[in-house]
Amino acid sequence: MEKMQKGFTLIELMIVVLMIGILAAVAIPHYQEYVVRSKLGKVASYAVPIKFAIASYSQEYGALPPVGVTWASLGIFVPPPQTSEVSSITVSAVNPGEIIMTLSNIKAGTIDGQTITLIPSLGQTTIYWSASSSSSDSNLVHVISQWQ
């Protein structure tokens, strides 16, 4: 009478562990990039009310807000609530209407501590925004290119 095999052989188990290791090696870096991009998306949505306030000001007065403008003069009577991805957000004291955001808690070493500057320019009937950054991280460059 033949003896029935119960369970898996060592080779079969080693092959399964190897396949799981290969999948993890490929998936983890992609997952980390998606997390960074989702946090940068949160940064983009965080700036929307301020961009809207600057656009409204420009529509009402026919020019970008002057340097040194206060939140209240933009129609924002409560400063934007703090988020963990943006450590500070200001309207530029140098160039009219520019929004400067300092990033934090996104990606240590390459993005944290860097700034994004949103630069407005008035068209005939709309306001156009361009973005620049002090970082050359590929995720940040990709997200900024979508904001243009």
# chains A, B, ... in the order shown; residues from 1 in each chain; ligands from 1
>>> residues_around(residues="Pro96 in chain A", least_positions_apart="6", cutoff="10 Å", atoms="only C-alpha atoms", output="NGL selection string")
:A and (54 or 63-69 or 119-121)
>>> residues_around(residues="Lys42 in chain A", least_positions_apart="6", cutoff="10 Å", atoms="only C-alpha atoms", output="ChimeraX atom specification")
/A:36,83-86
>>> atom_distance(atom1="CA of Phe77 in chain A", atom2="CA of Leu40 in chain A")
25.5 Å
>>> select_by_dssp(residues="chain A", states="helix (DSSP H, G or I)", output="ChimeraX atom specification")
/A:10-61,72-74,138-147
>>> select_by_dssp(residues="chain A", states="strand (DSSP E or B)", output="list in words")
Thr83, Val86, Ser87, Ser88, Ile89, Thr90, Val91, Ile99, Ile100, Met101, Thr102, Leu103, Thr115, Ile116, Thr117, Leu118, Ile119, Pro120, Ser121, Leu122, Ile127, Tyr128, Trp129, Ser130, Ala131, Ser132 and Ser133 of chain A
>>> closest_residue(among="A:Tyr57, A:Phe8, A:Tyr34, A:Trp147", to="Ser133 in chain A", atoms="only C-alpha atoms")
A:Trp147
>>> atom_distance(atom1="CA of Pro49 in chain A", atom2="CA of Leu122 in chain A")
17.7 Å
>>> residues_around(residues="Ala47 in chain A", least_positions_apart="6", cutoff="9 Å", atoms="only C-alpha atoms", output="MDAnalysis selection string")
chainID A and resid 80 89 99 101 118
>>> atom_distance(atom1="CA of Gly75 in chain A", atom2="CA of Ile127 in chain A")
17.4 Å
>>> closest_residue(among="A:Leu18, A:Ala53, A:Val35, A:Ile144", to="Glu98 in chain A", atoms="only C-alpha atoms")
A:Ala53
>>> closest_residue(among="A:Leu13, A:Val78, A:Val26, A:Val43", to="Thr102 in chain A", atoms="only C-alpha atoms")
A:Val43
>>> closest_residue(among="A:Met4, A:Lys39, A:Ser45, A:Gly62", to="Ser104 in chain A", atoms="only C-alpha atoms")
A:Lys39
>>> decode(residues="range 87-103 of chain A", atoms="N, CA, C and O atoms", output="JSON list (two decimals), in the first residue's frame")
[["chain", "number", "residue", "atom", "x", "y", "z"],
["A", 87, "SER", "N", 3.05, 72.93, 6.45],
["A", 87, "SER", "CA", 3.41, 73.52, 7.74],
["A", 87, "SER", "C", 3.13, 75.02, 7.77],
["A", 87, "SER", "O", 2.89, 75.58, 8.83],
["A", 88, "SER", "N", 3.14, 75.68, 6.62],
["A", 88, "SER", "CA", 2.77, 77.10, 6.58],
["A", 88, "SER", "C", 2.28, 77.45, 5.18],
["A", 88, "SER", "O", 2.72, 76.86, 4.19],
["A", 89, "ILE", "N", 1.37, 78.40, 5.14],
["A", 89, "ILE", "CA", 0.86, 78.90, 3.86],
["A", 89, "ILE", "C", 0.71, 80.41, 3.99],
["A", 89, "ILE", "O", 0.15, 80.91, 4.96],
["A", 90, "THR", "N", 1.27, 81.13, 3.04],
["A", 90, "THR", "CA", 1.22, 82.59, 3.08],
["A", 90, "THR", "C", 0.98, 83.13, 1.68],
["A", 90, "THR", "O", 1.27, 82.48, 0.69],
["A", 91, "VAL", "N", 0.46, 84.35, 1.65],
["A", 91, "VAL", "CA", 0.40, 85.09, 0.40],
["A", 91, "VAL", "C", 1.67, 85.93, 0.38],
["A", 91, "VAL", "O", 2.03, 86.56, 1.37],
["A", 92, "SER", "N", 2.38, 85.89, -0.73],
["A", 92, "SER", "CA", 3.73, 86.46, -0.83],
["A", 92, "SER", "C", 3.79, 87.92, -0.40],
["A", 92, "SER", "O", 2.91, 88.71, -0.68],
["A", 93, "ALA", "N", 4.89, 88.24, 0.28],
["A", 93, "ALA", "CA", 5.16, 89.62, 0.66],
["A", 93, "ALA", "C", 5.99, 90.33, -0.41],
["A", 93, "ALA", "O", 6.34, 91.48, -0.26],
["A", 94, "VAL", "N", 6.31, 89.62, -1.50],
["A", 94, "VAL", "CA", 7.15, 90.18, -2.56],
["A", 94, "VAL", "C", 6.37, 90.34, -3.86],
["A", 94, "VAL", "O", 6.37, 91.41, -4.46],
["A", 95, "ASN", "N", 5.69, 89.30, -4.30],
["A", 95, "ASN", "CA", 4.96, 89.33, -5.56],
["A", 95, "ASN", "C", 3.46, 89.25, -5.31],
["A", 95, "ASN", "O", 3.00, 88.39, -4.56],
["A", 96, "PRO", "N", 2.67, 90.10, -5.94],
["A", 96, "PRO", "CA", 1.23, 90.14, -5.70],
["A", 96, "PRO", "C", 0.54, 88.80, -6.01],
["A", 96, "PRO", "O", 0.73, 88.22, -7.07],
["A", 97, "GLY", "N", -0.24, 88.32, -5.06],
["A", 97, "GLY", "CA", -1.09, 87.17, -5.27],
["A", 97, "GLY", "C", -0.43, 85.81, -5.19],
["A", 97, "GLY", "O", -1.11, 84.79, -5.22],
["A", 98, "GLU", "N", 0.89, 85.74, -5.09],
["A", 98, "GLU", "CA", 1.55, 84.43, -5.03],
["A", 98, "GLU", "C", 1.24, 83.75, -3.70],
["A", 98, "GLU", "O", 1.24, 84.36, -2.65],
["A", 99, "ILE", "N", 1.01, 82.44, -3.79],
["A", 99, "ILE", "CA", 0.75, 81.63, -2.61],
["A", 99, "ILE", "C", 1.99, 80.75, -2.39],
["A", 99, "ILE", "O", 2.41, 80.05, -3.31],
["A", 100, "ILE", "N", 2.53, 80.78, -1.19],
["A", 100, "ILE", "CA", 3.71, 79.99, -0.88],
["A", 100, "ILE", "C", 3.35, 79.00, 0.22],
["A", 100, "ILE", "O", 2.89, 79.40, 1.30],
["A", 101, "MET", "N", 3.55, 77.71, -0.08],
["A", 101, "MET", "CA", 3.25, 76.66, 0.89],
["A", 101, "MET", "C", 4.53, 75.91, 1.22],
["A", 101, "MET", "O", 5.27, 75.51, 0.32],
["A", 102, "THR", "N", 4.79, 75.74, 2.51],
["A", 102, "THR", "CA", 5.92, 74.93, 2.96],
["A", 102, "THR", "C", 5.39, 73.54, 3.31],
["A", 102, "THR", "O", 4.44, 73.41, 4.06],
["A", 103, "LEU", "N", 6.01, 72.52, 2.73],
["A", 103, "LEU", "CA", 5.51, 71.15, 2.86],
["A", 103, "LEU", "C", 6.15, 70.43, 4.04],
["A", 103, "LEU", "O", 7.29, 70.70, 4.40]]
